[in-house]
Amino acid sequence: MTQNLRLTAESLKENGHSTTLSSADTHISGEFDMPESDTNGFTEDGIAYIYYGGDDTYGAYYSWYTASVMSDGVDNNICPRGWTLPSKELYAKLFDNSKTWNTKTIEGNVYEGWMLDADKSTSAFWPAAGYHYDGASYTTNRDGYYWTDESTNDSQAYSLGFNENGYRFNDYSRKASGFSVRCVAEGRPSKDVDVIAVVVPPVISIDATSGMNKEVDPNLVTKGEISATISANTTYVVQLSTERTSLTNPSNSEEITSTNSIPASTNVIPKTNAWGILNSDNATYSAITSTPTTYYNTAEYNDESQSTKHTFGIGVSISPTLPAGEYSTTVTITAINN
C-alpha cells in the first residue's frame with residue numbers, strides 16, 4: 001500500500017460492509033469485530049483500540065491488539081486480502097534502500113517523513129505520524145512508529161521507529177500503544193529478485209469481479225475489468241496468465257466442455273461461450289494462456305507516485321443454453337523488470 005491504513009468500523013459501515021472481519025476480506029483465520037474510532041484510548045492492555053482523526057496521510061492509529069486482530073500476529077492481521085503486516089526483516093530491506101528525509105505538502109498540509117528512494121518522482125512516502133495516546137497525538141512530523149507482525153510477550157511487541165536520523169526496531173513496545181499500520185503486498189520479494197508474481201483478489205468472476213456485478217445477458221457481450229496496483233522504482237512489463245483458461249463453475253461435476261464452461265477466445269460475440277482480454281481498439285479480444293503474456297492495459301498513477309494501477313478490460317459472452325451458476329478462474333499478474 002502507498003498510504004498508512006485507515007480502516008475503522010465507521011469506514012466499513014460507510015461502504016456498506018460488515019464491521020466483522022473474516023478470511024473473506026482480511027488476512028485473518030477467524031473473525032474479528034472492528035472497534036470504532038476512539039481518541040480516548042490506548043491506555044489499557046488487552047484492548048483493541050483504533051483512532052482515526054481524518055488525516056489520510058497519517059492514517060489511523062492502532063493498538064497492536066487491533067493490528068494483530070487479537071491474535072499472536074504473523075499469520076493473522078488487519079490487512080486486506082493480498083496484503084499483510086510487515087516483518088522486521090521486510091522493514092529492514094525497505095529502509096536499507098536509498099532514502100531521504102523529506103518535507104511533503106499534501107492538500108495544503110506539510111508532512112515530514114522518509115522517501116524510500118532518492119528520486120522523489122518514483123518514491124514512496126512514509127510519514128512521521130507520531131503516536132496517539134489518551135486523547136492526543138504526539139511527536140508528529142518528528143517520529144514514526146509502525147507495528148510489525150511479531151509479538152515479544154503478552155504485553156509487548158516489536159515496532160519500527162524512525163526519525164530524520166535513521167530507523168530502529170523497538171523490541172518492547174507496549175501493545176496498547178497507538179501506532180501506524182502500513183500493509184505490504186504478500187510475497188513481496190527482496191530487492192535482488194527480478195520477477196514478481198501475485199494472484200490478485202478477487203479472481204475473475206462473472207458476478208463478483210469489479211465491473212462484472214450483473215447477470216450476463218446471452219444477447220450481449222458483458223464488459224468489465226481486472227486491475228492490479230504495482231509499486232516499483234524501475235521500469236517493468238505487466239503480463240497475465242492463468243492455469244485454467246476457461247471460466248468454470250466449481251459446482252459442476254461433469255467433464256469440462258465448451259458447452260458447460262466459458263473458454264478463453266478471440267471470438268467474443270453474443271450467444272457464444274467465450275471470454276477475452278480487450279485489445280487497444282476497444283473492440284476485439286485476445287485469449288489468455290498459461291504462459292505470461294503482455295496484453296493491452298491502461299495505466300494510472302496513484303496519489304503516491306511509486307504506485308501504478310494497471311487495468312485490463314475483459315469481455316464475456318454466453319450461449320442461452322449455458323447452465324446457471326458462477327463461472328470463474330484465477331488470473332496471475334506478473335511484473336517483470338524491463
# chains A, B, ... in the order shown; residues from 1 in each chain; ligands from 1
>>> residues_around(residues="range 13-28 of chain A", least_positions_apart="3", cutoff="7 Å", atoms="only C-alpha atoms", output="list in words")
Ala9, Glu10, Glu31, Phe32, Asp33, Met34, Asn76, Asn77, Ile78, Cys79, Pro80, Arg81 and Thr84 of chain A
>>> atom_distance(atom1="CA of Gly82 in chain A", atom2="CA of Ser227 in chain A")
13.2 Å
>>> closest_residue(among="A:Pro320, A:Gly224, A:Pro250, A:Gly166", to="Ile277 in chain A", atoms="only C-alpha atoms")
A:Gly224
>>> residues_around(residues="Tyr172 in chain A", least_positions_apart="5", cutoff="10 Å", atoms="only C-alpha atoms", output="list in words")
Ser151, Thr152, Asn153, Ser155, Gln156, Ala157, Tyr158 and Ser159 of chain A
>>> select_by_dssp(residues="range 23-260 of chain A", states="strand (DSSP E)", output="PyMOL selection string")
chain A and resi 31-33+50-51+61-62+83-84+100-106+109-115+125-127+131-133+136-138+144-151+156-163+166-174+184-185+195-199+204-205+222-231+236-241
>>> atom_distance(atom1="CA of Thr329 in chain A", atom2="CA of Thr242 in chain A")
7.7 Å
>>> residues_around(residues="Lys88 in chain A", least_positions_apart="5", cutoff="10 Å", atoms="only C-alpha atoms", output="ChimeraX atom specification")
/A:93-94,147-150,158-160,168-169
>>> atom_distance(atom1="CA of Ala60 in chain A", atom2="CA of Thr103 in chain A")
20.3 Å
>>> residues_around(residues="range 237-240 of chain A", least_positions_apart="6", cutoff="9 Å", atoms="only C-alpha atoms", output="PyMOL selection string")
chain A and resi 288-295+297+310+331-338
>>> closest_residue(among="A:Asn267, A:Ser173, A:Ser63, A:Thr57", to="Glu107 in chain A", atoms="only C-alpha atoms")
A:Thr57
>>> residues_around(residues="Val110 in chain A", least_positions_apart="5", cutoff="12 Å", atoms="only C-alpha atoms", output="list in words")
Asp55, Thr57, Tyr58, Asn102, Thr103, Lys104, Thr105, Pro127, Ala128, Ala129, Thr140 and Asn141 of chain A
>>> residues_around(residues="Phe162 in chain A", least_positions_apart="2", cutoff="6 Å", atoms="only C-alpha atoms", output="MDAnalysis selection string")
chainID A and resid 143:144 166:167
>>> closest_residue(among="A:Thr229, A:Leu322, A:Asn252, A:Val221", to="Tyr285 in chain A", atoms="only C-alpha atoms")
A:Val221
>>> select_by_dssp(residues="range 12-176 of chain A", states="alpha helix (DSSP H)", output="JSON, numbers by chain")
{"A": [12, 13, 14, 64, 65, 66, 67, 88, 89, 90, 91, 92, 93, 94, 95, 96]}
>>> write_last_selection(atoms="C-alpha atoms", output="PDB file, in the first residue's frame")
ATOM      1  CA  LEU A  12     -16.671  -0.198   6.874  1.00  0.00           C
ATOM      2  CA  LYS A  13     -20.218   0.950   7.635  1.00  0.00           C
ATOM      3  CA  GLU A  14     -19.949   3.887   5.225  1.00  0.00           C
ATOM      4  CA  TRP A  64      -1.095  -3.991  18.390  1.00  0.00           C
ATOM      5  CA  TYR A  65      -4.127  -5.929  19.629  1.00  0.00           C
ATOM      6  CA  THR A  66      -6.090  -4.410  16.743  1.00  0.00           C
ATOM      7  CA  ALA A  67      -3.285  -4.737  14.184  1.00  0.00           C
ATOM      8  CA  LYS A  88      11.160  -6.849  10.921  1.00  0.00           C
ATOM      9  CA  GLU A  89      13.127  -8.402   8.077  1.00  0.00           C
ATOM     10  CA  LEU A  90      10.966  -6.790   5.402  1.00  0.00           C
ATOM     11  CA  TYR A  91      11.094  -3.393   7.097  1.00  0.00           C
ATOM     12  CA  ALA A  92      14.902  -3.661   7.164  1.00  0.00           C
ATOM     13  CA  LYS A  93      15.013  -4.396   3.425  1.00  0.00           C
ATOM     14  CA  LEU A  94      12.764  -1.427   2.699  1.00  0.00           C
ATOM     15  CA  PHE A  95      14.651   1.048   4.881  1.00  0.00           C
ATOM     16  CA  ASP A  96      18.119  -0.158   3.919  1.00  0.00           C
TER      17      ASP A  96
END
